[in-house]
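Shown next: data-v1.csv, given as CSV, C-alpha atoms.
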```csv
chain,number,residue,atom,x,y,z
X,1,MET,CA,2.7,-1.3,20.1
X,2,ARG,CA,0.9,-3.2,17.4
X,3,ASN,CA,-2.2,-1.7,15.8
X,4,LYS,CA,-5.0,-3.4,13.9
X,5,ILE,CA,-6.9,-2.3,10.8
X,6,ALA,CA,-10.2,-4.1,10.6
X,7,PRO,CA,-11.2,-5.9,7.4
X,8,ARG,CA,-12.2,-3.6,4.5
X,9,SER,CA,-11.2,-0.5,6.4
X,10,GLY,CA,-8.2,1.9,6.6
X,11,THR,CA,-6.4,4.4,8.7
X,12,SER,CA,-3.7,7.2,8.5
X,13,LEU,CA,-0.7,7.9,10.6
X,14,LYS,CA,2.2,10.3,10.8
X,15,LEU,CA,5.8,9.0,10.4
X,16,GLU,CA,8.9,11.1,11.2
X,17,ALA,CA,12.0,10.7,9.1
X,18,GLY,CA,13.9,7.8,10.4
X,19,GLU,CA,11.0,5.9,12.0
X,20,LEU,CA,10.2,2.4,11.0
X,21,LEU,CA,6.8,1.2,9.8
X,22,THR,CA,6.2,-2.6,9.8
X,23,VAL,CA,3.0,-3.9,8.1
X,24,ILE,CA,2.0,-7.4,9.2
X,25,ASP,CA,-0.4,-9.9,7.6
X,26,PRO,CA,-1.6,-11.7,10.8
X,27,GLU,CA,-3.8,-14.3,9.0
X,28,GLY,CA,-2.2,-14.6,5.6
X,29,GLU,CA,-3.3,-13.8,2.0
X,30,GLN,CA,-4.4,-10.2,2.8
X,31,VAL,CA,-3.4,-7.2,0.8
X,32,ALA,CA,-2.7,-3.7,2.3
X,33,ASP,CA,-2.7,-0.5,0.2
X,34,LEU,CA,-0.2,2.1,1.2
X,35,VAL,CA,-0.1,5.7,0.1
X,36,ALA,CA,2.3,8.4,1.4
X,37,PHE,CA,2.3,12.2,1.2
X,38,ASN,CA,5.1,14.6,2.3
X,39,ALA,CA,3.8,15.7,5.7
X,40,HIS,CA,4.9,19.3,4.9
X,41,ASP,CA,3.7,19.6,1.3
X,42,TYR,CA,0.8,17.4,0.2
X,43,LYS,CA,1.6,18.1,-3.5
X,44,GLU,CA,4.5,15.6,-3.0
X,45,VAL,CA,3.2,12.1,-3.1
X,46,VAL,CA,4.4,8.5,-3.6
X,47,SER,CA,4.8,7.7,-7.3
X,48,SER,CA,4.3,4.3,-8.9
X,49,GLY,CA,5.9,5.6,-12.2
X,50,ARG,CA,9.0,7.1,-10.6
X,51,THR,CA,9.5,4.1,-8.4
X,52,LEU,CA,9.2,1.5,-11.1
X,53,ASP,CA,11.3,3.5,-13.5
X,54,TYR,CA,14.2,3.9,-11.1
X,55,ALA,CA,14.0,0.3,-9.9
X,56,SER,CA,13.7,-1.1,-13.5
X,57,LYS,CA,11.4,-3.9,-12.3
X,58,LEU,CA,7.8,-4.5,-11.4
X,59,PHE,CA,8.1,-6.2,-8.0
X,60,ILE,CA,9.5,-4.1,-5.2
X,61,THR,CA,11.2,-5.7,-2.2
X,62,THR,CA,14.1,-5.4,0.4
X,63,GLY,CA,16.6,-2.7,-0.5
X,64,ASP,CA,14.3,-0.9,-2.9
X,65,LEU,CA,13.1,2.7,-2.6
X,66,LEU,CA,9.7,4.2,-3.0
X,67,TYR,CA,10.0,7.6,-4.7
X,68,SER,CA,7.8,10.6,-4.8
X,69,ASN,CA,6.5,12.4,-7.9
X,70,ARG,CA,9.5,14.8,-7.3
X,71,SER,CA,12.0,11.9,-7.5
X,72,ARG,CA,12.9,12.1,-3.8
X,73,VAL,CA,13.0,8.9,-1.7
X,74,MET,CA,10.0,8.7,0.7
X,75,LEU,CA,10.4,5.1,2.0
X,76,ARG,CA,13.1,2.5,2.0
X,77,ILE,CA,12.2,-1.2,2.3
X,78,ILE,CA,14.6,-2.7,4.9
X,79,GLU,CA,13.0,-6.1,5.5
X,80,ASP,CA,10.5,-8.2,3.6
X,81,THR,CA,9.5,-11.8,4.3
X,82,VAL,CA,7.3,-12.1,1.2
X,83,GLY,CA,9.0,-10.5,-1.7
X,84,ARG,CA,5.9,-10.0,-3.8
X,85,HIS,CA,4.3,-6.5,-3.8
X,86,ASP,CA,3.5,-4.2,-6.7
X,87,PHE,CA,2.5,-0.7,-7.9
X,88,LEU,CA,0.4,-2.0,-10.8
X,89,LEU,CA,-3.3,-1.5,-9.8
X,90,THR,CA,-5.1,1.5,-8.4
X,91,PRO,CA,-6.9,1.3,-5.0
X,92,CYS,CA,-10.3,-0.5,-5.4
X,93,SER,CA,-13.3,1.8,-5.3
X,94,ARG,CA,-17.1,1.8,-5.6
X,95,GLU,CA,-16.5,1.9,-9.4
X,96,THR,CA,-14.2,-1.1,-9.1
X,97,PHE,CA,-17.0,-3.2,-7.5
X,98,ARG,CA,-19.6,-1.9,-9.9
X,99,ILE,CA,-17.5,-2.4,-13.1
X,100,ILE,CA,-15.5,-5.5,-12.3
X,101,TYR,CA,-17.8,-7.3,-9.8
X,102,GLY,CA,-21.2,-6.0,-10.9
X,103,ASP,CA,-22.2,-5.0,-7.4
X,104,GLU,CA,-25.4,-2.9,-7.3
X,105,THR,CA,-24.6,-1.5,-3.8
X,106,PRO,CA,-20.8,-1.4,-3.9
X,107,HIS,CA,-18.4,-1.0,-1.0
X,108,GLN,CA,-16.4,2.2,-0.9
X,109,GLY,CA,-13.2,0.1,-1.3
X,110,CYS,CA,-9.7,1.1,-0.4
X,111,PHE,CA,-10.1,4.4,-2.3
X,112,GLY,CA,-13.0,5.4,-0.1
X,113,ASN,CA,-11.2,4.2,3.0
X,114,LEU,CA,-8.1,6.2,2.1
X,115,SER,CA,-10.2,9.3,1.2
X,116,HIS,CA,-11.7,9.1,4.7
X,117,ALA,CA,-8.4,8.5,6.4
X,118,PHE,CA,-6.8,11.5,4.7
X,119,ALA,CA,-9.7,13.9,5.2
X,120,PRO,CA,-8.5,15.2,8.6
X,121,TYR,CA,-5.4,16.5,6.9
X,122,GLY,CA,-7.3,18.3,4.1
X,123,ILE,CA,-6.0,15.9,1.4
X,124,ASP,CA,-8.4,15.8,-1.5
X,125,PRO,CA,-9.4,12.4,-2.8
X,126,ASP,CA,-8.3,13.5,-6.3
X,127,ALA,CA,-4.8,13.7,-4.9
X,128,ILE,CA,-4.7,9.9,-4.1
X,129,PRO,CA,-2.4,8.1,-6.5
X,130,VAL,CA,-1.8,4.5,-7.4
X,131,SER,CA,-1.0,2.8,-4.1
X,132,PHE,CA,1.9,0.5,-3.2
X,133,ASN,CA,0.0,-2.8,-3.0
X,134,ILE,CA,1.6,-4.7,-0.1
X,135,PHE,CA,1.4,-8.5,-0.4
X,136,MET,CA,-0.5,-8.3,-3.7
X,137,ASN,CA,0.3,-11.0,-6.2
X,138,VAL,CA,-0.3,-9.9,-9.8
X,139,ALA,CA,1.1,-12.0,-12.6
X,140,VAL,CA,1.9,-10.4,-16.0
X,141,GLN,CA,1.2,-12.8,-18.8
X,142,GLY,CA,3.3,-13.3,-21.9
X,143,GLU,CA,3.4,-10.8,-24.8
X,144,THR,CA,-0.1,-9.5,-24.2
X,145,GLY,CA,0.8,-8.2,-20.8
X,146,ARG,CA,-2.5,-9.4,-19.3
X,147,LEU,CA,-2.7,-8.9,-15.6
X,148,ASP,CA,-3.9,-11.9,-13.5
X,149,VAL,CA,-4.6,-11.2,-9.8
X,150,LEU,CA,-3.6,-14.3,-7.9
X,151,PRO,CA,-3.8,-15.2,-4.2
X,152,PRO,CA,-1.2,-13.3,-2.1
X,153,LEU,CA,1.9,-15.3,-1.2
X,154,SER,CA,1.9,-14.0,2.4
X,155,LYS,CA,1.5,-16.4,5.3
X,156,PRO,CA,0.3,-15.6,8.8
X,157,GLY,CA,2.8,-13.3,10.4
X,158,ASP,CA,4.6,-12.3,7.2
X,159,HIS,CA,5.6,-8.6,7.2
X,160,ILE,CA,7.4,-5.8,5.4
X,161,THR,CA,9.3,-3.0,7.1
X,162,PHE,CA,9.9,0.5,5.7
X,163,ARG,CA,12.2,3.3,6.9
X,164,ALA,CA,10.7,6.8,6.4
X,165,GLU,CA,13.2,9.0,4.6
X,166,MET,CA,11.1,12.2,5.2
X,167,ASP,CA,8.3,13.2,7.4
X,168,LEU,CA,5.2,11.5,6.0
X,169,ILE,CA,1.4,11.2,6.2
X,170,VAL,CA,0.7,7.5,5.4
X,171,GLY,CA,-2.6,5.9,4.5
X,172,LEU,CA,-2.9,2.2,5.0
X,173,THR,CA,-5.8,-0.2,4.4
X,174,ALA,CA,-6.9,-3.8,4.7
X,175,CYS,CA,-7.9,-4.3,1.1
X,176,SER,CA,-11.6,-4.6,0.3
X,177,ALA,CA,-11.4,-6.5,-3.1
X,178,PRO,CA,-12.2,-10.2,-2.9
X,179,GLN,CA,-10.1,-11.1,-5.9
X,180,SER,CA,-7.0,-9.5,-4.3
X,181,ASN,CA,-7.4,-11.5,-1.1
X,182,ASN,CA,-8.3,-15.0,-2.3
X,183,GLY,CA,-12.0,-14.4,-1.7
X,184,SER,CA,-12.0,-13.4,2.0
X,185,PHE,CA,-11.4,-10.3,4.1
X,186,LYS,CA,-9.0,-10.2,7.0
X,187,PRO,CA,-7.3,-7.6,9.2
X,188,ILE,CA,-3.9,-6.0,8.7
X,189,GLU,CA,-1.6,-5.0,11.6
X,190,PHE,CA,1.1,-2.4,11.8
X,191,GLU,CA,3.6,-1.0,14.2
X,192,VAL,CA,5.8,2.1,14.3
X,193,GLN,CA,9.3,1.9,15.9
X,194,ALA,CA,11.6,4.6,17.0
X,195,LYS,CA,14.0,6.4,14.7
X,196,CYS,CA,16.7,4.4,13.0
X,197,GLU,CA,19.3,6.8,11.8
X,198,GLU,CA,21.1,4.4,9.6
X,199,TRP,CA,20.4,1.1,7.9
```

Mind turning the file's structure into structure tokens?
Amino acid sequence: MRNKIAPRSGTSLKLEAGELLTVIDPEGEQVADLVAFNAHDYKEVVSSGRTLDYASKLFITTGDLLYSNRSRVMLRIIEDTVGRHDFLLTPCSRETFRIIYGDETPHQGCFGNLSHAFAPYGIDPDAIPVSFNIFMNVAVQGETGRLDVLPPLSKPGDHITFRAEMDLIVGLTACSAPQSNNGSFKPIEFEVQAKCEEW
């Protein structure tokens, strides 16, 4: 069954080892932030640094692994129709909108949405790491390394599918930052499929 995350909101879900999670961009050019915790030990969390280190590249796609802070595989990407996602930028927050956009009454952003989604599990907001930014398109410029946030490459119906390699609590958002989503806010959809023992 396909589930919908409303624009500028988020949710959490449990994944058992072997289950498949597919994240879909139904309208195109919409980012989704993903964060994962070990369902049995919340001190183990997805790690941008470990993942990028072991992959030896910035852009993570089909066949790549998302590692935890303990260097264990949490998620495996088994299908990806876009090929451009990253671990470069932290979830947007009230501070993001205040500092970058100059908003006087800022939205709580993906960080606030993830904090709310993880609250029922007793996961403290300070435990939320850099997210895996699904469909995000960040260009790294020349020798300066300047980061330019460009419109996502995802088209309507594009998707990415993960296989859980351990039992997980996953937080997922429809990103709230206008720059990340080419100036508009759209929903994100997802579905969970039965266990796949091998891939």

Practice problem: Considering all atoms listed in the file, return as a list in words whatever protein or nucleic-acid residues lie within 10 Å of Met1 of chain X, sequence-local ones (same chain, fewer than 5 positions apart) excluded. | Solution: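 Listed by chain and then number, they are Phe190, Glu191, Val192 and Gln193 of chain X.
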
Practice problem: Name the closest residue to Leu88 of chain X among the candidates X:Cys110, X:Ile60, X:Ala39, X:Ile188; distances are taken between atoms, counting only C-alpha atoms. | Solution: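 For Leu88 of chain X, the nearest of the candidates is X:Ile60.
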
Quiz item: Nearest to Leu15 of chain X among X:Met74, X:Ile99, X:Val130, X:Leu65, with distances taken over all atoms listed in the file: which residue is it?
Solution: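 Selected residue with least distance to Leu15 of chain X: X:Met74.
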
Quiz item: Nearest to Ala55 of chain X among X:Tyr42, X:Phe37, X:Tyr101, X:Phe87, with distances taken over all atoms listed in the file: which residue is it?
Solution: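 Using all atoms listed in the file, Ala55 of chain X sits closest to X:Phe87.
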
Exercise. Do a neighbour search on Pro129 of chain X at 12 Å with all atoms listed in the file, toss out local chain neighbours closer than 2 positions, and write the hits as a PyMOL selection string.
Key: chain X and resi 33-37+42-49+68-69+87-92+110-111+114-115+123-127+131-133+171

Quiz prompt | Closest of X:Glu143, X:His40, X:Ser9, X:Val149 to Gly183 of chain X - atom-to-atom distances counting only C-alpha atoms | solution =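 For Gly183 of chain X, the nearest of the given residues is X:Val149.
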
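Between atom CA of Ser93 of chain X and atom CA of Gly109 of chain X the interatomic distance comes to 4.3 Å.
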
Quiz item: Within 12 Å of (3.5, -15.1, 3.6), in the coordinates the file gives, what residues turn up when you count all atoms listed in the file, written out as JSON, numbers by chain?
Solution: {"X": [24, 25, 26, 27, 28, 29, 30, 31, 80, 81, 82, 83, 84, 85, 134, 135, 136, 137, 151, 152, 153, 154, 155, 156, 157, 158, 159, 160]}

Self-check item: Point (-10.4, 0.1, 7.8), cut-off 9 Å, counting only C-alpha atoms, residues as a PyMOL selection string
Solution: chain X and resi 4-11+110+113-114+117+172-176+187-188

Quiz item: Which one of X:Leu13, X:Leu20, X:Leu66, X:Ala32 sits closest to Lys195 of chain X if you count all atoms listed in the file?
Solution: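 Going through X:Leu13, X:Leu20, X:Leu66, X:Ala32 one by one, the smallest distance to Lys195 of chain X is for X:Leu20.
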
Quiz item: Near Ala139 of chain X, within 10 Å and counting all atoms listed in the file, which residues show up once chain neighbours fewer than 6 positions away are dropped, as JSON, numbers by chain?
Solution: {"X": [145, 146, 147, 148, 149, 150]}

Quiz prompt | Among the residues X:Phe162, X:Leu168, X:Ala177, X:Gly112, the one that comes closest to Asp64 of chain X [using all atoms listed in the file] | solution =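 Using all atoms listed in the file, the shortest distance to Asp64 of chain X belongs to X:Phe162.
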
Quiz prompt | atom CA of Tyr54 of chain X to atom CA of Tyr67 of chain X, distance in Å rounded to a single decimal | solution =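 We find that atom CA of Tyr54 of chain X and atom CA of Tyr67 of chain X lie 8.5 Å from each other.
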
Practice problem: Tell me, in Å to one decimal, how far atom CA of Ile77 of chain X is from atom CA of Ser180 of chain X. | Solution: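 Here the two named atoms are 21.9 Å from each other.
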
Keeping N, CA and C atoms, write segment 37-86 of chain X of the structure just shown out as a PDB file, in the first residue's frame.
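To be explicit, this is the file written out as decode-v3.pdb:
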```pdb
ATOM      1  N   PHE X  37      17.524   4.689  12.565  1.00  0.00           N
ATOM      2  CA  PHE X  37      18.110   4.227  13.814  1.00  0.00           C
ATOM      3  C   PHE X  37      17.944   2.711  13.913  1.00  0.00           C
ATOM      4  N   ASN X  38      18.895   2.056  14.548  1.00  0.00           N
ATOM      5  CA  ASN X  38      18.737   0.657  14.908  1.00  0.00           C
ATOM      6  C   ASN X  38      17.515   0.548  15.832  1.00  0.00           C
ATOM      7  N   ALA X  39      16.557  -0.275  15.470  1.00  0.00           N
ATOM      8  CA  ALA X  39      15.308  -0.371  16.233  1.00  0.00           C
ATOM      9  C   ALA X  39      15.513  -0.891  17.646  1.00  0.00           C
ATOM     10  N   HIS X  40      16.652  -1.528  17.907  1.00  0.00           N
ATOM     11  CA  HIS X  40      16.904  -2.121  19.218  1.00  0.00           C
ATOM     12  C   HIS X  40      17.949  -1.351  20.030  1.00  0.00           C
ATOM     13  N   ASP X  41      18.574  -0.368  19.412  1.00  0.00           N
ATOM     14  CA  ASP X  41      19.594   0.424  20.104  1.00  0.00           C
ATOM     15  C   ASP X  41      19.707   1.765  19.388  1.00  0.00           C
ATOM     16  N   TYR X  42      19.052   2.786  19.947  1.00  0.00           N
ATOM     17  CA  TYR X  42      18.978   4.082  19.271  1.00  0.00           C
ATOM     18  C   TYR X  42      20.310   4.824  19.224  1.00  0.00           C
ATOM     19  N   LYS X  43      21.319   4.293  19.907  1.00  0.00           N
ATOM     20  CA  LYS X  43      22.642   4.918  19.814  1.00  0.00           C
ATOM     21  C   LYS X  43      23.321   4.588  18.482  1.00  0.00           C
ATOM     22  N   GLU X  44      22.772   3.613  17.781  1.00  0.00           N
ATOM     23  CA  GLU X  44      23.289   3.281  16.445  1.00  0.00           C
ATOM     24  C   GLU X  44      22.407   3.956  15.409  1.00  0.00           C
ATOM     25  N   VAL X  45      23.014   4.797  14.589  1.00  0.00           N
ATOM     26  CA  VAL X  45      22.261   5.659  13.673  1.00  0.00           C
ATOM     27  C   VAL X  45      23.007   5.761  12.343  1.00  0.00           C
ATOM     28  N   VAL X  46      22.273   6.039  11.286  1.00  0.00           N
ATOM     29  CA  VAL X  46      22.895   6.168   9.966  1.00  0.00           C
ATOM     30  C   VAL X  46      23.945   7.269   9.997  1.00  0.00           C
ATOM     31  N   SER X  47      25.052   7.022   9.297  1.00  0.00           N
ATOM     32  CA  SER X  47      26.200   7.931   9.339  1.00  0.00           C
ATOM     33  C   SER X  47      26.585   8.398   7.944  1.00  0.00           C
ATOM     34  N   SER X  48      26.525   9.699   7.742  1.00  0.00           N
ATOM     35  CA  SER X  48      26.979  10.254   6.460  1.00  0.00           C
ATOM     36  C   SER X  48      28.473  10.022   6.280  1.00  0.00           C
ATOM     37  N   GLY X  49      29.246  10.273   7.338  1.00  0.00           N
ATOM     38  CA  GLY X  49      30.697  10.137   7.232  1.00  0.00           C
ATOM     39  C   GLY X  49      31.139   8.732   6.900  1.00  0.00           C
ATOM     40  N   ARG X  50      30.589   7.734   7.614  1.00  0.00           N
ATOM     41  CA  ARG X  50      30.960   6.342   7.335  1.00  0.00           C
ATOM     42  C   ARG X  50      30.547   5.944   5.921  1.00  0.00           C
ATOM     43  N   THR X  51      29.332   6.337   5.524  1.00  0.00           N
ATOM     44  CA  THR X  51      28.829   5.950   4.206  1.00  0.00           C
ATOM     45  C   THR X  51      29.682   6.531   3.092  1.00  0.00           C
ATOM     46  N   LEU X  52      29.985   7.826   3.174  1.00  0.00           N
ATOM     47  CA  LEU X  52      30.786   8.453   2.121  1.00  0.00           C
ATOM     48  C   LEU X  52      32.211   7.928   2.118  1.00  0.00           C
ATOM     49  N   ASP X  53      32.737   7.674   3.306  1.00  0.00           N
ATOM     50  CA  ASP X  53      34.099   7.145   3.416  1.00  0.00           C
ATOM     51  C   ASP X  53      34.212   5.801   2.714  1.00  0.00           C
ATOM     52  N   TYR X  54      33.281   4.883   3.021  1.00  0.00           N
ATOM     53  CA  TYR X  54      33.380   3.534   2.473  1.00  0.00           C
ATOM     54  C   TYR X  54      32.985   3.479   0.991  1.00  0.00           C
ATOM     55  N   ALA X  55      32.106   4.390   0.562  1.00  0.00           N
ATOM     56  CA  ALA X  55      31.725   4.420  -0.857  1.00  0.00           C
ATOM     57  C   ALA X  55      32.769   5.138  -1.710  1.00  0.00           C
ATOM     58  N   SER X  56      33.561   6.019  -1.076  1.00  0.00           N
ATOM     59  CA  SER X  56      34.583   6.819  -1.763  1.00  0.00           C
ATOM     60  C   SER X  56      33.988   7.680  -2.874  1.00  0.00           C
ATOM     61  N   LYS X  57      32.771   8.183  -2.611  1.00  0.00           N
ATOM     62  CA  LYS X  57      32.141   9.093  -3.567  1.00  0.00           C
ATOM     63  C   LYS X  57      31.054   9.878  -2.847  1.00  0.00           C
ATOM     64  N   LEU X  58      30.631  10.987  -3.457  1.00  0.00           N
ATOM     65  CA  LEU X  58      29.637  11.855  -2.835  1.00  0.00           C
ATOM     66  C   LEU X  58      28.206  11.443  -3.134  1.00  0.00           C
ATOM     67  N   PHE X  59      27.976  10.869  -4.296  1.00  0.00           N
ATOM     68  CA  PHE X  59      26.608  10.608  -4.731  1.00  0.00           C
ATOM     69  C   PHE X  59      26.313   9.109  -4.667  1.00  0.00           C
ATOM     70  N   ILE X  60      25.326   8.768  -3.861  1.00  0.00           N
ATOM     71  CA  ILE X  60      25.030   7.381  -3.508  1.00  0.00           C
ATOM     72  C   ILE X  60      23.841   6.887  -4.333  1.00  0.00           C
ATOM     73  N   THR X  61      23.968   5.679  -4.918  1.00  0.00           N
ATOM     74  CA  THR X  61      22.921   5.181  -5.811  1.00  0.00           C
ATOM     75  C   THR X  61      22.873   3.650  -5.782  1.00  0.00           C
ATOM     76  N   THR X  62      22.295   3.042  -6.799  1.00  0.00           N
ATOM     77  CA  THR X  62      22.059   1.601  -6.854  1.00  0.00           C
ATOM     78  C   THR X  62      23.320   0.802  -6.527  1.00  0.00           C
ATOM     79  N   GLY X  63      23.161  -0.150  -5.606  1.00  0.00           N
ATOM     80  CA  GLY X  63      24.267  -1.004  -5.204  1.00  0.00           C
ATOM     81  C   GLY X  63      25.047  -0.476  -4.021  1.00  0.00           C
ATOM     82  N   ASP X  64      24.844   0.786  -3.679  1.00  0.00           N
ATOM     83  CA  ASP X  64      25.567   1.373  -2.558  1.00  0.00           C
ATOM     84  C   ASP X  64      24.899   1.039  -1.226  1.00  0.00           C
ATOM     85  N   LEU X  65      25.679   1.177  -0.144  1.00  0.00           N
ATOM     86  CA  LEU X  65      25.245   0.825   1.195  1.00  0.00           C
ATOM     87  C   LEU X  65      25.227   2.068   2.071  1.00  0.00           C
ATOM     88  N   LEU X  66      24.221   2.169   2.945  1.00  0.00           N
ATOM     89  CA  LEU X  66      24.181   3.211   3.961  1.00  0.00           C
ATOM     90  C   LEU X  66      24.616   2.579   5.281  1.00  0.00           C
ATOM     91  N   TYR X  67      25.723   3.097   5.814  1.00  0.00           N
ATOM     92  CA  TYR X  67      26.324   2.535   7.022  1.00  0.00           C
ATOM     93  C   TYR X  67      25.906   3.299   8.273  1.00  0.00           C
ATOM     94  N   SER X  68      25.999   2.618   9.407  1.00  0.00           N
ATOM     95  CA  SER X  68      25.749   3.250  10.695  1.00  0.00           C
ATOM     96  C   SER X  68      27.041   3.842  11.257  1.00  0.00           C
ATOM     97  N   ASN X  69      26.909   4.556  12.355  1.00  0.00           N
ATOM     98  CA  ASN X  69      28.078   5.079  13.058  1.00  0.00           C
ATOM     99  C   ASN X  69      28.966   3.964  13.612  1.00  0.00           C
ATOM    100  N   ARG X  70      28.465   2.730  13.625  1.00  0.00           N
ATOM    101  CA  ARG X  70      29.252   1.573  14.062  1.00  0.00           C
ATOM    102  C   ARG X  70      29.764   0.745  12.881  1.00  0.00           C
ATOM    103  N   SER X  71      29.696   1.337  11.691  1.00  0.00           N
ATOM    104  CA  SER X  71      30.213   0.708  10.467  1.00  0.00           C
ATOM    105  C   SER X  71      29.480  -0.569  10.097  1.00  0.00           C
ATOM    106  N   ARG X  72      28.222  -0.646  10.457  1.00  0.00           N
ATOM    107  CA  ARG X  72      27.386  -1.773  10.043  1.00  0.00           C
ATOM    108  C   ARG X  72      26.398  -1.282   8.990  1.00  0.00           C
ATOM    109  N   VAL X  73      26.071  -2.161   8.048  1.00  0.00           N
ATOM    110  CA  VAL X  73      25.152  -1.786   6.972  1.00  0.00           C
ATOM    111  C   VAL X  73      23.733  -1.705   7.514  1.00  0.00           C
ATOM    112  N   MET X  74      23.089  -0.571   7.292  1.00  0.00           N
ATOM    113  CA  MET X  74      21.700  -0.384   7.698  1.00  0.00           C
ATOM    114  C   MET X  74      20.747  -0.570   6.520  1.00  0.00           C
ATOM    115  N   LEU X  75      21.098   0.022   5.382  1.00  0.00           N
ATOM    116  CA  LEU X  75      20.239  -0.011   4.202  1.00  0.00           C
ATOM    117  C   LEU X  75      21.086  -0.246   2.954  1.00  0.00           C
ATOM    118  N   ARG X  76      20.507  -0.983   2.023  1.00  0.00           N
ATOM    119  CA  ARG X  76      21.154  -1.249   0.741  1.00  0.00           C
ATOM    120  C   ARG X  76      20.249  -0.702  -0.359  1.00  0.00           C
ATOM    121  N   ILE X  77      20.787   0.098  -1.267  1.00  0.00           N
ATOM    122  CA  ILE X  77      19.989   0.626  -2.379  1.00  0.00           C
ATOM    123  C   ILE X  77      19.947  -0.423  -3.486  1.00  0.00           C
ATOM    124  N   ILE X  78      18.750  -0.891  -3.796  1.00  0.00           N
ATOM    125  CA  ILE X  78      18.642  -1.959  -4.799  1.00  0.00           C
ATOM    126  C   ILE X  78      18.036  -1.471  -6.119  1.00  0.00           C
ATOM    127  N   GLU X  79      17.433  -0.296  -6.107  1.00  0.00           N
ATOM    128  CA  GLU X  79      16.907   0.264  -7.359  1.00  0.00           C
ATOM    129  C   GLU X  79      16.835   1.777  -7.212  1.00  0.00           C
ATOM    130  N   ASP X  80      17.163   2.485  -8.285  1.00  0.00           N
ATOM    131  CA  ASP X  80      17.203   3.943  -8.240  1.00  0.00           C
ATOM    132  C   ASP X  80      17.010   4.487  -9.647  1.00  0.00           C
ATOM    133  N   THR X  81      15.932   5.220  -9.874  1.00  0.00           N
ATOM    134  CA  THR X  81      15.659   5.738 -11.213  1.00  0.00           C
ATOM    135  C   THR X  81      16.197   7.146 -11.419  1.00  0.00           C
ATOM    136  N   VAL X  82      16.814   7.730 -10.396  1.00  0.00           N
ATOM    137  CA  VAL X  82      17.313   9.111 -10.502  1.00  0.00           C
ATOM    138  C   VAL X  82      18.839   9.155 -10.490  1.00  0.00           C
ATOM    139  N   GLY X  83      19.456   8.518  -9.498  1.00  0.00           N
ATOM    140  CA  GLY X  83      20.908   8.461  -9.452  1.00  0.00           C
ATOM    141  C   GLY X  83      21.575   9.687  -8.861  1.00  0.00           C
ATOM    142  N   ARG X  84      20.799  10.589  -8.275  1.00  0.00           N
ATOM    143  CA  ARG X  84      21.392  11.782  -7.657  1.00  0.00           C
ATOM    144  C   ARG X  84      20.745  12.032  -6.301  1.00  0.00           C
ATOM    145  N   HIS X  85      21.477  11.684  -5.263  1.00  0.00           N
ATOM    146  CA  HIS X  85      21.074  11.880  -3.876  1.00  0.00           C
ATOM    147  C   HIS X  85      22.369  12.172  -3.129  1.00  0.00           C
ATOM    148  N   ASP X  86      22.304  12.689  -1.926  1.00  0.00           N
ATOM    149  CA  ASP X  86      23.556  12.968  -1.228  1.00  0.00           C
ATOM    150  C   ASP X  86      23.395  12.941   0.284  1.00  0.00           C
TER     151      ASP X  86
END
```
